[in-house]
$ cat protein-v4.tsv   # TSV, C-alpha atoms and all ligand atoms
chain	number	residue	atom	x	y	z
A	1	MET	CA	54.38	-41.98	14.05
A	2	LYS	CA	53.66	-38.32	13.33
A	3	ILE	CA	56.04	-35.43	13.80
A	4	LEU	CA	55.14	-31.79	14.39
A	5	ASN	CA	57.55	-28.90	14.69
A	6	VAL	CA	57.44	-26.00	17.12
A	7	GLU	CA	58.87	-23.21	15.00
A	8	LEU	CA	61.07	-20.95	17.11
A	9	GLY	CA	64.07	-20.21	14.92
A	10	ASP	CA	67.22	-21.78	16.32
A	11	ARG	CA	65.22	-23.07	19.30
A	12	SER	CA	62.74	-25.01	17.13
A	13	TYR	CA	62.07	-28.60	18.13
A	14	PRO	CA	60.06	-31.64	17.09
A	15	ILE	CA	57.12	-33.31	18.82
A	16	TYR	CA	56.96	-37.06	18.11
A	17	ILE	CA	53.50	-38.59	18.51
A	18	GLY	CA	52.57	-42.26	18.23
A	19	SER	CA	52.06	-45.60	19.96
A	20	GLY	CA	55.39	-47.24	20.85
A	21	VAL	CA	57.66	-44.27	20.10
A	22	LEU	CA	59.42	-44.89	23.41
A	23	GLU	CA	60.62	-48.25	22.11
A	24	ASP	CA	62.83	-46.56	19.53
A	25	ALA	CA	65.97	-45.35	21.35
A	26	LYS	CA	67.09	-43.16	18.45
A	27	ILE	CA	64.11	-40.86	18.77
A	28	ILE	CA	65.37	-39.76	22.17
A	29	THR	CA	69.12	-40.18	21.75
A	30	SER	CA	69.21	-38.15	18.53
A	31	HIS	CA	68.38	-35.15	20.74
A	32	ILE	CA	70.99	-35.82	23.41
A	33	LYS	CA	74.39	-34.28	22.79
A	34	THR	CA	75.81	-34.89	26.28
A	35	LYS	CA	77.35	-37.96	27.94
A	36	ILE	CA	75.36	-37.69	31.17
A	37	ILE	CA	71.58	-37.91	31.49
A	38	CYS	CA	69.60	-37.04	34.59
A	39	ILE	CA	66.13	-38.58	34.50
A	40	VAL	CA	63.69	-36.60	36.59
A	41	SER	CA	60.55	-38.54	37.46
A	42	ASN	CA	58.29	-39.17	40.44
A	43	THR	CA	57.71	-42.12	42.75
A	44	THR	CA	54.70	-43.39	40.73
A	45	VAL	CA	55.88	-42.97	37.14
A	46	SER	CA	59.38	-44.25	37.88
A	47	GLN	CA	57.91	-47.56	39.09
A	48	LEU	CA	56.16	-47.95	35.73
A	49	TYR	CA	58.54	-46.63	33.09
A	50	LEU	CA	62.01	-45.80	34.44
A	51	GLU	CA	63.65	-49.18	33.81
A	52	ASN	CA	62.40	-49.35	30.21
A	53	LEU	CA	63.72	-45.87	29.57
A	54	LYS	CA	67.09	-46.62	31.14
A	55	ASN	CA	67.40	-49.70	28.94
A	56	LEU	CA	67.40	-47.40	25.91
A	57	LEU	CA	70.27	-45.35	27.29
A	58	ASP	CA	73.13	-47.85	27.66
A	59	ASP	CA	75.66	-45.52	26.06
A	60	TYR	CA	75.22	-42.79	28.67
A	61	GLN	CA	75.92	-42.28	32.34
A	62	VAL	CA	72.40	-42.12	33.77
A	63	ILE	CA	71.52	-40.60	37.11
A	64	GLU	CA	68.06	-40.30	38.65
A	65	ALA	CA	66.21	-37.64	40.59
A	66	ILE	CA	62.90	-39.10	41.78
A	67	ILE	CA	60.62	-36.58	43.46
A	68	ASP	CA	57.45	-37.14	45.51
A	69	ASP	CA	54.22	-37.48	43.58
A	70	GLY	CA	51.67	-34.68	43.66
A	71	GLU	CA	50.90	-31.06	42.89
A	72	GLU	CA	51.73	-30.21	46.52
A	73	PHE	CA	55.34	-31.23	45.76
A	74	LYS	CA	55.67	-28.83	42.83
A	75	ASN	CA	57.76	-26.63	45.08
A	76	TYR	CA	61.21	-25.38	45.92
A	77	ASP	CA	62.09	-28.47	48.01
A	78	SER	CA	61.62	-30.79	45.01
A	79	LEU	CA	63.53	-28.41	42.78
A	80	ASN	CA	66.38	-28.20	45.28
A	81	TYR	CA	66.45	-32.00	45.50
A	82	ILE	CA	67.09	-32.12	41.72
A	83	TYR	CA	69.90	-29.54	42.02
A	84	THR	CA	71.41	-31.62	44.83
A	85	LYS	CA	71.34	-34.81	42.76
A	86	LEU	CA	73.01	-32.99	39.87
A	87	LEU	CA	75.71	-31.54	42.10
A	88	GLU	CA	76.33	-34.76	44.05
A	89	ASN	CA	77.03	-36.43	40.71
A	90	GLN	CA	79.29	-33.59	39.60
A	91	CYS	CA	77.07	-32.83	36.65
A	92	ASN	CA	78.06	-29.92	34.53
A	93	ARG	CA	76.81	-28.54	31.24
A	94	ASP	CA	77.61	-32.04	29.98
A	95	THR	CA	74.23	-33.21	31.27
A	96	THR	CA	70.77	-33.46	29.68
A	97	ILE	CA	67.66	-33.70	31.82
A	98	LEU	CA	64.93	-36.11	30.71
A	99	ALA	CA	61.55	-35.26	32.23
A	100	LEU	CA	59.57	-38.49	32.58
A	101	GLY	CA	56.13	-37.82	34.00
A	102	GLY	CA	53.06	-35.63	33.99
A	103	GLY	CA	52.88	-31.87	34.05
A	104	VAL	CA	54.26	-31.55	37.56
A	105	VAL	CA	57.45	-33.44	36.72
A	106	GLY	CA	57.73	-31.70	33.33
A	107	ASP	CA	57.35	-28.21	34.80
A	108	ILE	CA	59.84	-28.77	37.65
A	109	ALA	CA	62.37	-30.67	35.55
A	110	GLY	CA	62.16	-27.98	32.88
A	111	TYR	CA	62.79	-25.26	35.45
A	112	ALA	CA	65.70	-27.22	36.91
A	113	ALA	CA	67.13	-27.41	33.37
A	114	ALA	CA	66.51	-23.68	32.81
A	115	SER	CA	68.21	-22.63	36.02
A	116	PHE	CA	70.98	-25.19	36.71
A	117	LEU	CA	74.29	-23.65	35.61
A	118	ARG	CA	72.14	-21.02	33.83
A	119	GLY	CA	70.70	-23.62	31.51
A	120	ILE	CA	71.27	-27.21	30.43
A	121	PRO	CA	69.32	-29.08	27.72
A	122	PHE	CA	66.21	-31.10	28.46
A	123	VAL	CA	63.78	-33.43	26.71
A	124	GLN	CA	60.13	-33.87	27.62
A	125	ILE	CA	58.64	-37.37	27.85
A	126	PRO	CA	55.09	-36.61	28.98
A	127	THR	CA	53.15	-39.51	30.52
A	128	THR	CA	49.71	-38.00	31.22
A	129	LEU	CA	47.19	-36.92	28.62
A	130	LEU	CA	47.32	-33.41	30.05
A	131	ALA	CA	51.08	-33.24	29.69
A	132	GLN	CA	50.93	-34.70	26.17
A	133	VAL	CA	48.42	-32.17	24.89
A	134	ASP	CA	49.63	-29.14	26.77
A	135	SER	CA	52.31	-28.82	29.43
A	136	SER	CA	55.19	-30.56	27.62
A	137	VAL	CA	54.92	-28.19	24.66
A	138	GLY	CA	55.80	-24.51	24.69
A	139	GLY	CA	58.50	-24.13	27.31
A	140	LYS	CA	56.60	-22.86	30.33
A	141	THR	CA	58.50	-24.30	33.30
A	142	GLY	CA	58.24	-23.59	36.99
A	143	ILE	CA	56.99	-24.29	40.48
A	144	ASN	CA	54.15	-23.11	42.71
A	145	HIS	CA	54.39	-20.66	45.59
A	146	LEU	CA	52.07	-21.08	48.58
A	147	LEU	CA	50.50	-17.76	47.60
A	148	GLY	CA	50.06	-18.50	43.90
A	149	LYS	CA	50.19	-21.19	41.23
A	150	ASN	CA	53.21	-21.37	38.88
A	151	MET	CA	54.54	-18.09	40.27
A	152	ILE	CA	58.23	-18.94	39.95
A	153	GLY	CA	59.55	-20.09	36.58
A	154	ALA	CA	61.06	-19.45	33.20
A	155	PHE	CA	60.28	-19.80	29.52
A	156	TYR	CA	62.71	-22.49	28.47
A	157	GLN	CA	62.19	-24.76	25.47
A	158	PRO	CA	63.01	-28.48	25.39
A	159	GLN	CA	65.14	-30.14	22.70
A	160	ALA	CA	62.25	-32.44	21.81
A	161	VAL	CA	58.92	-33.77	23.06
A	162	VAL	CA	58.38	-37.54	22.83
A	163	ILE	CA	54.74	-38.60	23.16
A	164	ASP	CA	54.00	-42.31	23.42
A	165	LEU	CA	50.28	-43.06	23.66
A	166	ASN	CA	50.97	-46.47	25.22
A	167	VAL	CA	51.80	-44.92	28.59
A	168	LEU	CA	48.22	-43.63	28.83
A	169	LYS	CA	47.02	-47.21	29.45
A	170	THR	CA	48.13	-46.99	33.09
A	171	LEU	CA	46.37	-43.68	33.76
A	172	ASP	CA	43.13	-43.71	35.72
A	173	ASN	CA	39.88	-42.27	34.38
A	174	ARG	CA	40.09	-39.15	36.50
A	175	GLN	CA	43.44	-38.25	34.95
A	176	ILE	CA	42.13	-38.89	31.42
A	177	SER	CA	39.27	-36.48	32.11
A	178	ALA	CA	41.72	-33.90	33.46
A	179	GLY	CA	43.62	-34.10	30.17
A	180	LEU	CA	40.39	-33.76	28.20
A	181	ALA	CA	39.81	-30.39	29.87
A	182	GLU	CA	42.84	-28.94	28.08
A	183	VAL	CA	41.78	-30.66	24.84
A	184	ILE	CA	38.33	-29.03	25.04
A	185	LYS	CA	40.10	-25.72	25.65
A	186	TYR	CA	41.68	-25.84	22.17
A	187	GLY	CA	38.27	-26.28	20.57
A	188	LEU	CA	36.90	-23.36	22.53
A	189	ILE	CA	39.70	-20.90	21.84
A	190	TRP	CA	40.70	-21.85	18.29
A	191	ASP	CA	38.73	-24.40	16.32
A	192	GLU	CA	34.96	-24.80	16.34
A	193	ASP	CA	35.15	-27.91	14.10
A	194	PHE	CA	37.47	-29.54	16.61
A	195	PHE	CA	34.96	-28.71	19.35
A	196	LYS	CA	32.23	-30.39	17.27
A	197	TYR	CA	34.51	-33.42	16.78
A	198	LEU	CA	34.90	-33.63	20.56
A	199	GLU	CA	31.12	-33.39	21.05
A	200	VAL	CA	30.70	-36.42	18.76
A	201	ASN	CA	33.66	-38.46	20.04
A	202	ILE	CA	33.95	-37.73	23.75
A	203	GLU	CA	32.89	-41.28	24.71
A	204	ASN	CA	35.57	-42.82	22.46
A	205	LEU	CA	38.17	-40.57	24.04
A	206	LYS	CA	37.13	-41.45	27.59
A	207	GLN	CA	37.46	-45.11	26.63
A	208	LEU	CA	41.00	-44.53	25.34
A	209	ASP	CA	40.27	-45.27	21.69
A	210	PHE	CA	43.77	-44.73	20.32
A	211	ASP	CA	42.73	-43.62	16.83
A	212	HIS	CA	40.65	-40.80	18.23
A	213	LEU	CA	43.20	-40.03	20.93
A	214	GLU	CA	46.06	-39.73	18.47
A	215	HIS	CA	44.01	-37.30	16.41
A	216	VAL	CA	43.21	-35.08	19.40
A	217	ILE	CA	46.78	-35.16	20.75
A	218	TYR	CA	48.07	-34.20	17.31
A	219	ARG	CA	45.53	-31.41	16.81
A	220	SER	CA	46.03	-30.07	20.34
A	221	CYS	CA	49.82	-29.96	19.91
A	222	GLU	CA	49.39	-28.42	16.47
A	223	ILE	CA	47.29	-25.56	17.86
A	224	LYS	CA	49.61	-25.07	20.82
A	225	ALA	CA	52.70	-25.09	18.59
A	226	LYS	CA	51.12	-22.45	16.34
A	227	VAL	CA	50.24	-20.16	19.23
A	228	VAL	CA	53.64	-20.58	20.91
A	229	SER	CA	55.46	-19.95	17.63
A	230	GLU	CA	53.60	-16.65	17.30
A	231	ASP	CA	54.07	-15.52	20.90
A	232	GLU	CA	56.60	-17.56	22.85
A	233	LYS	CA	56.73	-15.37	25.95
A	234	GLU	CA	53.06	-14.47	26.20
A	235	SER	CA	53.15	-10.83	25.31
A	236	GLY	CA	49.88	-11.27	23.41
A	237	ILE	CA	47.97	-14.14	21.88
A	238	ARG	CA	49.50	-16.93	24.00
A	239	ALA	CA	47.38	-15.77	26.93
A	240	ILE	CA	44.29	-17.33	25.29
A	241	LEU	CA	45.79	-20.71	26.21
A	242	ASN	CA	44.79	-19.71	29.72
A	243	LEU	CA	41.05	-19.98	29.11
A	244	GLY	CA	39.50	-21.05	32.43
A	245	HIS	CA	42.85	-20.84	34.22
A	246	THR	CA	42.26	-17.58	36.12
A	247	PHE	CA	39.33	-19.26	37.85
A	248	GLY	CA	41.04	-22.66	37.83
A	249	HIS	CA	44.27	-21.52	39.46
A	250	ALA	CA	42.23	-19.73	42.15
A	251	ILE	CA	40.35	-22.98	42.83
A	252	GLU	CA	43.61	-24.94	43.09
A	253	ASN	CA	45.24	-22.36	45.32
A	254	CYS	CA	42.24	-21.84	47.63
A	255	LEU	CA	41.42	-25.54	48.06
A	256	GLY	CA	45.10	-26.43	48.59
A	257	TYR	CA	47.28	-27.78	45.78
A	258	GLY	CA	46.36	-31.34	44.85
A	259	GLU	CA	42.79	-31.28	46.22
A	260	TRP	CA	41.29	-30.83	42.75
A	261	LEU	CA	43.38	-31.90	39.76
A	262	HIS	CA	44.64	-29.07	37.58
A	263	GLY	CA	42.48	-30.29	34.68
A	264	GLU	CA	39.40	-30.45	36.90
A	265	ALA	CA	39.96	-26.88	38.06
A	266	VAL	CA	40.44	-25.77	34.43
A	267	GLY	CA	37.26	-27.63	33.37
A	268	CYS	CA	35.22	-25.84	36.01
A	269	GLY	CA	37.07	-22.59	35.26
A	270	MET	CA	36.04	-22.84	31.59
A	271	VAL	CA	32.38	-23.12	32.66
A	272	LEU	CA	32.80	-19.98	34.81
A	273	ALA	CA	34.54	-18.18	31.90
A	274	ALA	CA	31.68	-19.24	29.60
A	275	LYS	CA	29.18	-17.91	32.11
A	276	MET	CA	31.03	-14.58	32.14
A	277	SER	CA	30.98	-14.58	28.32
A	278	LEU	CA	27.24	-15.24	28.46
A	279	THR	CA	26.72	-12.25	30.77
A	280	GLN	CA	28.53	-10.05	28.22
A	281	ALA	CA	26.40	-11.52	25.37
A	282	TRP	CA	29.54	-12.85	23.68
A	283	LEU	CA	28.21	-16.38	24.01
A	284	SER	CA	24.59	-17.35	23.40
A	285	GLU	CA	22.53	-19.38	25.85
A	286	SER	CA	22.71	-22.43	23.56
A	287	GLU	CA	26.49	-22.08	23.09
A	288	PHE	CA	26.90	-21.83	26.86
A	289	ASP	CA	24.89	-25.04	27.26
A	290	ARG	CA	27.09	-26.82	24.70
A	291	VAL	CA	30.25	-25.79	26.59
A	292	LYS	CA	28.84	-26.90	29.93
A	293	ASP	CA	27.48	-30.18	28.51
A	294	LEU	CA	30.77	-31.21	26.90
A	295	ILE	CA	32.73	-30.46	30.07
A	296	PHE	CA	30.15	-32.42	32.07
A	297	ARG	CA	30.30	-35.35	29.63
A	298	ALA	CA	34.09	-35.39	30.01
A	299	ASN	CA	33.42	-36.16	33.70
A	300	LEU	CA	34.74	-32.82	34.85
A	301	PRO	CA	33.21	-30.65	37.58
A	302	ILE	CA	30.95	-27.87	36.31
A	303	GLU	CA	30.15	-26.25	39.66
A	304	LYS	CA	32.54	-24.12	41.64
A	305	PRO	CA	33.54	-25.56	45.01
A	306	LYS	CA	32.53	-23.52	48.05
A	307	ILE	CA	35.30	-20.96	48.59
A	308	ASP	CA	35.06	-17.71	50.50
A	309	TYR	CA	34.61	-14.79	48.06
A	310	GLU	CA	37.51	-12.73	49.45
A	311	ASN	CA	39.93	-15.66	49.24
A	312	PHE	CA	38.83	-16.47	45.70
A	313	ILE	CA	39.06	-12.93	44.34
A	314	GLY	CA	42.36	-12.50	46.24
A	315	ALA	CA	43.82	-15.48	44.39
A	316	MET	CA	42.49	-14.15	41.06
A	317	LYS	CA	44.20	-10.81	41.74
A	318	LEU	CA	47.57	-12.60	41.67
A	319	ASP	CA	47.02	-13.96	38.14
A	320	LYS	CA	49.97	-13.42	35.81
A	321	LYS	CA	47.80	-11.84	33.08
A	322	ASN	CA	46.74	-8.95	35.31
A	323	LYS	CA	47.94	-5.41	34.70
A	324	ASP	CA	47.69	-2.30	36.89
A	325	LYS	CA	45.94	-4.39	39.54
A	326	GLU	CA	43.06	-5.17	37.17
A	327	ILE	CA	41.93	-8.74	36.59
A	328	TYR	CA	42.20	-9.77	32.94
A	329	LEU	CA	40.10	-12.73	31.87
A	330	VAL	CA	40.19	-14.97	28.82
A	331	LEU	CA	36.61	-14.95	27.57
A	332	GLN	CA	34.93	-16.47	24.58
A	333	GLN	CA	33.41	-14.78	21.60
A	334	GLY	CA	31.38	-17.68	20.31
A	335	ILE	CA	32.88	-21.16	20.15
A	336	GLY	CA	36.34	-21.24	18.57
A	337	LYS	CA	37.40	-17.68	19.41
A	338	ALA	CA	38.76	-16.17	22.62
A	339	ILE	CA	39.93	-12.75	23.76
A	340	VAL	CA	41.87	-11.47	26.77
A	341	THR	CA	40.08	-8.54	28.31
A	342	ASN	CA	39.43	-6.41	31.36
A	343	LYS	CA	36.35	-4.90	29.68
A	344	TYR	CA	33.63	-6.82	31.42
A	345	SER	CA	31.16	-5.96	34.12
A	346	SER	CA	32.81	-6.40	37.52
A	347	SER	CA	29.42	-6.98	39.15
A	348	ALA	CA	28.91	-9.86	36.68
A	349	LEU	CA	32.24	-11.29	37.82
A	350	ASP	CA	31.16	-10.98	41.47
A	351	ASP	CA	27.88	-12.76	40.64
A	352	VAL	CA	29.67	-15.57	38.82
A	353	ILE	CA	32.10	-16.08	41.71
A	354	LYS	CA	29.29	-16.01	44.28
A	355	SER	CA	26.90	-18.18	42.23
B	401	LIG	P1	50.62	-34.77	37.41
B	401	LIG	O1	51.93	-34.48	36.84
B	401	LIG	O2	50.43	-34.56	38.88
B	401	LIG	O3	50.21	-36.26	37.03
B	401	LIG	C1	48.98	-36.75	37.46
B	401	LIG	C2	49.11	-38.10	38.19
B	401	LIG	O4	49.30	-39.13	37.25
B	401	LIG	C3	50.29	-38.17	39.14
B	401	LIG	O5	49.91	-38.87	40.30
B	401	LIG	C4	51.32	-38.96	38.35
B	401	LIG	O6	52.22	-39.65	39.18
B	401	LIG	C5	50.44	-39.91	37.60
B	401	LIG	N1	50.97	-40.43	36.35
B	401	LIG	C6	51.66	-39.76	35.40
B	401	LIG	N2	51.82	-40.51	34.32
B	401	LIG	C7	51.25	-41.69	34.58
B	401	LIG	C8	51.06	-42.88	33.85
B	401	LIG	N3	51.46	-42.97	32.57
B	401	LIG	N4	50.42	-43.93	34.42
B	401	LIG	C9	49.95	-43.80	35.69
B	401	LIG	N5	50.07	-42.71	36.43
B	401	LIG	C10	50.71	-41.65	35.89
B	401	LIG	O7	49.47	-33.89	36.72
B	401	LIG	P2	49.22	-33.45	35.21
B	401	LIG	O8	47.77	-33.33	35.07
B	401	LIG	O9	49.98	-34.27	34.27
B	401	LIG	O10	49.88	-31.98	35.16
B	401	LIG	C11	49.36	-30.93	35.91
B	401	LIG	C12	50.44	-29.88	36.07
B	401	LIG	O11	50.80	-29.39	34.79
B	401	LIG	C13	50.02	-28.69	36.90
B	401	LIG	O12	51.03	-28.38	37.83
B	401	LIG	C14	49.87	-27.59	35.90
B	401	LIG	O13	50.13	-26.32	36.44
B	401	LIG	C15	50.89	-27.97	34.88
B	401	LIG	N6	50.64	-27.43	33.53
B	401	LIG	C16	51.66	-26.79	32.92
B	401	LIG	C17	51.48	-26.30	31.65
B	401	LIG	C18	52.64	-25.68	30.92
B	401	LIG	O14	52.43	-25.08	29.86
B	401	LIG	N7	53.85	-25.82	31.42
B	401	LIG	C19	50.25	-26.44	30.99
B	401	LIG	C20	49.23	-27.11	31.65
B	401	LIG	C21	49.42	-27.59	32.93
B	402	LIG	N1	49.21	-23.69	29.33
B	402	LIG	C1	49.33	-22.32	28.95
B	402	LIG	C2	50.52	-22.02	28.13
B	402	LIG	O1	51.33	-22.87	27.84
B	402	LIG	O2	50.71	-20.91	27.73

$ encode --input "protein-v4.tsv" --output "structure tokens" --more "lines below"
Ligand code: NAD
Ligand code: GLY
Amino acid sequence: MKILNVELGDRSYPIYIGSGVLEDAKIITSHIKTKIICIVSNTTVSQLYLENLKNLLDDYQVIEAIIDDGEEFKNYDSLNYIYTKLLENQCNRDTTILALGGGVVGDIAGYAAASFLRGIPFVQIPTTLLAQVDSSVGGKTGINHLLGKNMIGAFYQPQAVVIDLNVLKTLDNRQISAGLAEVIKYGLIWDEDFFKYLEVNIENLKQLDFDHLEHVIYRSCEIKAKVVSEDEKESGIRAILNLGHTFGHAIENCLGYGEWLHGEAVGCGMVLAAKMSLTQAWLSESEFDRVKDLIFRANLPIEKPKIDYENFIGAMKLDKKNKDKEIYLVLQQGIGKAIVTNKYSSSALDDVIKS
């Protein structure tokens, strides 16, 4: 097992990474200081892993809040259901939330923890590749609004993140590819050598080779932890973690939440961001081809779905990075470096959206 730390002063926390870490009760219980635990999961993940987890928690009163499965349920109704379960069981600040699931469960459970009684502790147990490399780390929690993705939420850090690779064995290929989108993102924004490693090893990763997977989960969490430690609340550099997301969130919102997976929308969004970078001569033709090829080889979509221009640009105008009604984009300057900027040609953006 490997351990990384997210350095945030008195809110620092460890990320445990390895195969079988969920078999060791102490890893989780050492981060629980309350007598009551509320496990938040969904109808799919709970069937697979809830009983095993509960078996580790004999010394606690355990309650469950099982929400419906899907991005379309990342909403106020699911959040309110968690509050109701907590209140029905007379939970107080003597309760820790355990988030058992992918990014949807992790984001909602984290926001429930941030907001219930103005904040109770929570632990992330991410069960998708995407959640293991990205959403469980860094404390962004929240829900969607019909008008915009992740519009309601809070920065709220977990007590620990417990990543067990074994749970990935029950994920389907489409979900593995969705997670690889966020992995590729780290290479593009931060580490050209990591990008090269992914170019060489993408087939091993798709086939769930655990040695390669453990390396990429570790490196992804390491990069994310570094960025979050520097800029927890996204007043600067953290925004580069949103490469491809301005386009991606617009795709998710315009198609209807759940139609494309978040990782698929981000994969396609990174191709659109690379195309924009190409138009500004910040990325060469051959670099653009490498980006597109790797995303394609990860089995992610590289062409934008048909969406009306006005709807698409309307969704982009609601992006959280925007200022003074101007759309800010994360663009690349070569492979391994990204910037957040509104200094690009708006006609190029129109062309990319309409292409
Ligand atoms: P998800 O949570 O919807 O999970 C994907 C699917 O896999 C679901 O059907 C789920 O039930 C199933 N599943 C989960 N674990 C499984 C397992 N081990 N075996 C079998 N099936 C399993 O989607 P996701 O891709 O994990 O997360 C996407 C969400 O994460 C989006 O809402 C996105 O906005 C959010 N996100 C948040 C951050 C952040 O920093 N907070 C970062 C990236 C993405
Ligand atoms: N996934 C973007 C962030 O955590 O900032």

$ closest_residue --input "protein-v4.tsv" --among "A:Leu79, A:Cys254, A:Leu205, A:Leu146" --to "Met316 in chain A" --atoms "all atoms listed in the file"
A:Cys254

$ atom_distance --input "protein-v4.tsv" --atom1 "CA of Asp68 in chain A" --atom2 "CA of His249 in chain A"
21.3 Å

$ residues_near_ligand --input "protein-v4.tsv" --ligand "ligand LIG 401 (chain B)" --cutoff "6 Å" --atoms "all atoms listed in the file" --output "MDAnalysis selection string"
chainID A and resid 44:45 69:71 101:105 107 127:128 130:131 134:135 140:141 167:168 170:171 262

$ closest_atom_pairs --input "protein-v4.tsv" --of "chain A" --to "ligand LIG 402 (chain B)" --cutoff "8 Å" --atoms "only C-alpha atoms and all ligand atoms" --output "CSV"
residue,atom,partner,partner_atom,distance
A:Asp134,CA,B:LIG402,N1,6.0
A:Ser135,CA,B:LIG402,N1,6.0
A:Val137,CA,B:LIG402,O1,7.2
A:Gly138,CA,B:LIG402,O1,5.7
A:Gly139,CA,B:LIG402,O1,7.3
A:Lys140,CA,B:LIG402,O1,5.8
A:Lys224,CA,B:LIG402,O1,7.6
A:Val228,CA,B:LIG402,O2,7.4
A:Glu234,CA,B:LIG402,O2,7.0
A:Arg238,CA,B:LIG402,O2,5.6
A:Ala239,CA,B:LIG402,O2,6.2
A:Ile240,CA,B:LIG402,O2,7.7
A:Leu241,CA,B:LIG402,C1,4.8
A:Asn242,CA,B:LIG402,C1,5.3

$ closest_residue --input "protein-v4.tsv" --among "A:Phe247, A:Tyr186, A:Tyr156, A:Tyr76" --to "Ile327 in chain A" --atoms "all atoms listed in the file"
A:Phe247

$ closest_residue --input "protein-v4.tsv" --among "A:Ile307, A:Cys38, A:Leu294, A:Ala338" --to "Trp282 in chain A" --atoms "only C-alpha atoms"
A:Ala338

$ residues_around --input "protein-v4.tsv" --residues "Ile143 in chain A" --least-positions-apart "5" --cutoff "12 Å" --atoms "only C-alpha atoms" --output "number ranges by chain"
A: 71-80, 103-112, 148-154, 257

$ residues_around --input "protein-v4.tsv" --residues "range 284-287 of chain A" --least-positions-apart "2" --cutoff "12 Å" --atoms "all atoms listed in the file" --output "PyMOL selection string"
chain A and resi 188+192+195-196+271+274-282+289-294+332-336

$ residues_around --input "protein-v4.tsv" --residues "Leu4 in chain A" --least-positions-apart "2" --cutoff "12 Å" --atoms "all atoms listed in the file" --output "list in words"
Met1, Lys2, Val6, Glu7, Ser12, Tyr13, Pro14, Ile15, Tyr16, Ile17, Gly18, Val137, Ala160, Val161, Val162, Ile163, Ile217, Tyr218, Arg219, Ser220, Cys221, Glu222, Ile223, Lys224, Ala225 and Lys226 of chain A

$ atom_distance --input "protein-v4.tsv" --atom1 "CA of Gln47 in chain A" --atom2 "CA of Gln124 in chain A"
18.0 Å

$ closest_residue --input "protein-v4.tsv" --among "A:Thr246, A:Asn299, A:Asp231, A:Lys185" --to "Lys206 in chain A" --atoms "all atoms listed in the file"
A:Asn299

$ closest_residue --input "protein-v4.tsv" --among "A:Phe194, A:Tyr309, A:Phe210, A:Phe122" --to "Ile251 in chain A" --atoms "only C-alpha atoms"
A:Tyr309

$ atom_distance --input "protein-v4.tsv" --atom1 "CA of Ala250 in chain A" --atom2 "CA of Val183 in chain A"
20.5 Å

$ closest_residue --input "protein-v4.tsv" --among "A:Val330, A:Val216, A:Lys317, A:Gly263" --to "Ile302 in chain A" --atoms "only C-alpha atoms"
A:Gly263
